[in-house]
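Undergrad: Sharing a structure with you now.
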Amino acid sequence: MKTAIWWIRRDLRLTGNQALQAAHKNGDFVVPVYIIDSNLIESRYVGDKRLKFLFSGLSKLDEELRTIGSRLILRSGSPVKSLTRLVRECDAAGIFAEADHSPYARSRDRRITQTLPLNLVGSSAVHPPGSVLKSDGTPYTVFTPFSKAWKSLPLLGDSTFQPSPEQFARLPEISSEPFPIPPPVSQIHPFVPGENEAQRRLKQFLDGGSDAPIFSYDTGRNMLAYDGTSQLSPYLRFGMLSPRQAVLSAQRAIRSTQAGTQSKGAETWLNELIWRDFYIHILYHFPHVRVENFRNQNIRWQNDSSQFDAWCAGKTGYPIVDAAMRQLSESGWVHNRARMIAASFLTKDLLIDWRWGEHWFMQHLIDGDPAANNGGWQWIAGTGTDAAPYFRIFNPVSQSKKIDPSGVYIRRWLPELVDVPGEFIHSPWLMPPDQQKLAGCRIGIDYPTPIVDHRWARERALDLYSKSRRKSE
DNA sequence: TTTTGAGTTGTTCGA
DNA sequence: GTCGAACAACTCAAA
């Protein structure tokens, strides 16, 4: 009788799980284990909201495993030590885990492979790093050609695999630690963790024939008051949803519209999934991006810490920026476009180092992922892979008018602006004093005066960025 | 090796 | 109100 350990890391699901499938193939019974890695828990890039989502997700996975006669074995501390002990306890012949390509995960797994029979199977990306390369064998650094090459690859692996109860029923007596109590965070609109919820959301996003949200994703995702996005990122982050299942769904949706004209929404969504892979590959091939600019630029950041504090607190005086920042700290999730506006404001208007913002986002985002978060920040800061023109600076007022015309989103997250008339909701500092009194919102007292003037800040950023370009030569 | 075309997501200004 | 050009120069990818 052979025992196989299924080591769960970023694949908290049973469906379409290639590591689990491999464990099944190689063992007469499977021991599912999650190790709460003290290195990760103590990292300053971890936040309570994400931890809560993870811990609750582990309980959910345990429940799901129990329905097929198994349970989740939980251990904590150092992965090497925990696994060494577990292998001995259950006399396991092999450990099977989905490949995770972050720098930390790779060095951890390299170390473990030296002493333990660890087999990496599948990938947290749809196409693993190294599989999408230029004809000369080097990695892409521009998205569009990357996506073309990516699309030309066949999707390998079975995304419908379901474990059978028989192989779990024989789970021997193995001790598990108690499940950690999630940190007490009060989240507005919390994401319900788990595979079932992920499937439900995916279905909702795809269902409705030609009216399905996926088909209006290209425009709907930019309207903040309406949930036009899939809101699947936390589930993809922890593998509660298989990214390959998401891709197959997108491709199916595109095919279904081939005769029609409205495939744009589904194409856009597929591209977002490819971006996810792209940044996983970038971090893999260029690990220095974690701490440095992708490009060797020398931007002299101002790094004013009181302005940074105002940005974090959602008190910059620009409603759209502040609403995004409040949504982030209160709910742990923000629309992508709102993230970009807030990030552009930090890096371009305040000239604060993107790393500061990246760090803050990692502490608050439920979907916070080192590759995607880093890629997004470097892109917006103009230091990343994309040769983005440095003059691409978001205007917080015109963006606000475009994506939240009636101010529904702003009022949802900034209660002090609830009674500000639509005419002033995007720029409340323009309200005359009597209007301020009427709206119960005195500028400078109830809601801050803008901490910088955007017009001026834009000129300053243009100047500094063009200088830093010349300097870097 | 050289050349050519292109590069997620913007803003402003003036016709 | 709409539209196109300018904002500049550079790097990448592929022919």
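Naming works like this for the structure tokens: A, B, ... for the chains as they're shown, residue 1 at the start of each chain, ligands 1 onward in shown order.
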Using only C-alpha atoms (C1' of nucleotides), which chain C residues lie at most 8 Å away from chain A, written as a PyMOL selection string?

TA: chain C and resi 7+10-13

Undergrad: Please report as a tab-separated table (two decimals) with N, CA and C atoms (P, O5', C5', C4', C3', O3' and C1' of nucleotides), in the first residue's frame which residues of chain B come no farther than 8 Å from chain A, using only C-alpha atoms (C1' of nucleotides).

TA:
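The result, written out as selection.tsv:
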```tsv
chain	number	residue	atom	x	y	z
B	7	DG	P	0.48	47.31	-31.72
B	7	DG	O5'	1.18	47.43	-30.30
B	7	DG	C5'	2.03	46.39	-29.84
B	7	DG	C4'	2.71	46.85	-28.58
B	7	DG	C3'	1.81	47.66	-27.65
B	7	DG	O3'	2.20	47.39	-26.31
B	7	DG	C1'	3.62	48.99	-28.29
B	9	DT	P	-2.66	51.28	-24.26
B	9	DT	O5'	-3.76	51.47	-23.14
B	9	DT	C5'	-5.12	51.51	-23.52
B	9	DT	C4'	-5.98	51.55	-22.28
B	9	DT	C3'	-5.67	52.73	-21.33
B	9	DT	O3'	-6.85	53.47	-21.14
B	9	DT	C1'	-5.96	50.74	-20.15
B	10	DG	P	-6.85	54.97	-21.81
B	10	DG	O5'	-5.47	55.55	-21.28
B	10	DG	C5'	-5.22	55.75	-19.89
B	10	DG	C4'	-4.87	57.21	-19.65
B	10	DG	C3'	-6.03	58.17	-19.86
B	10	DG	O3'	-6.00	59.15	-18.84
B	10	DG	C1'	-4.26	58.73	-21.33
B	11	DT	P	-7.08	60.27	-18.76
B	11	DT	O5'	-6.32	61.47	-19.43
B	11	DT	C5'	-5.09	61.90	-18.87
B	11	DT	C4'	-4.66	63.18	-19.52
B	11	DT	C3'	-5.74	64.25	-19.64
B	11	DT	O3'	-5.19	65.44	-19.11
B	11	DT	C1'	-4.75	63.85	-21.76
```

Undergrad: If you count only C-alpha atoms (C1' of nucleotides), which residues fall within 12 Å of DC13 in chain B, apart from same-chain ones fewer than 5 positions away, as number ranges by chain?

TA: C: 3-7

Undergrad: Quick one: everything within 10 Å of Leu346 in chain A, counting only C-alpha atoms (C1' of nucleotides), minus sequence neighbours fewer than 5 positions away in the same chain. Send it as an NGL selection string.

TA: :A and (303 or 307-308 or 311-312 or 316 or 321 or 340-341 or 351-354 or 356-357 or 380-381)

Undergrad: Output as a ChimeraX atom specification all residues of range 88-284 of chain A that backbone DSSP marks as helix (DSSP H, G or I).

TA: /A:88-90,103-115,143-151,166-169,195-206,209-211,213-220,233-237,243-256,264-284

Undergrad: Just the residues within 6 Å of range 98-113 of chain A, please, counting only C-alpha atoms (C1' of nucleotides), with nothing from its chain fewer than 5 positions along; format it as a PyMOL selection string.

TA: chain A and resi 19+80+118+120-124

Undergrad: Store the residues of this selection in a file with N, CA and C atoms, as a tab-separated table (two decimals), in the first residue's frame.

TA:
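File written: again.tsv
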```
chain	number	residue	atom	x	y	z
A	19	ALA	N	-2.20	18.22	-9.40
A	19	ALA	CA	-1.35	17.66	-8.35
A	19	ALA	C	-2.10	16.54	-7.63
A	80	VAL	N	9.88	22.32	5.34
A	80	VAL	CA	10.81	21.17	5.29
A	80	VAL	C	10.58	20.26	6.49
A	118	LEU	N	9.68	15.18	-3.55
A	118	LEU	CA	8.68	16.16	-4.00
A	118	LEU	C	8.57	16.16	-5.51
A	120	LEU	N	6.72	18.18	-8.59
A	120	LEU	CA	5.90	19.33	-8.97
A	120	LEU	C	5.12	18.98	-10.22
A	121	VAL	N	3.82	19.19	-10.14
A	121	VAL	CA	2.92	18.80	-11.22
A	121	VAL	C	2.09	20.01	-11.63
A	122	GLY	N	1.91	20.18	-12.93
A	122	GLY	CA	1.07	21.29	-13.38
A	122	GLY	C	1.67	22.62	-12.96
A	123	SER	N	0.83	23.63	-12.91
A	123	SER	CA	1.34	24.97	-12.69
A	123	SER	C	0.22	25.87	-12.21
A	124	SER	N	0.60	26.88	-11.44
A	124	SER	CA	-0.40	27.88	-11.05
A	124	SER	C	-0.71	28.82	-12.22
```

Undergrad: Of the residues A:Lys151, A:Lys52, A:Lys2, A:Lys264, which is the one nearest to Asn26 in chain A, using only C-alpha atoms?

TA: A:Lys2
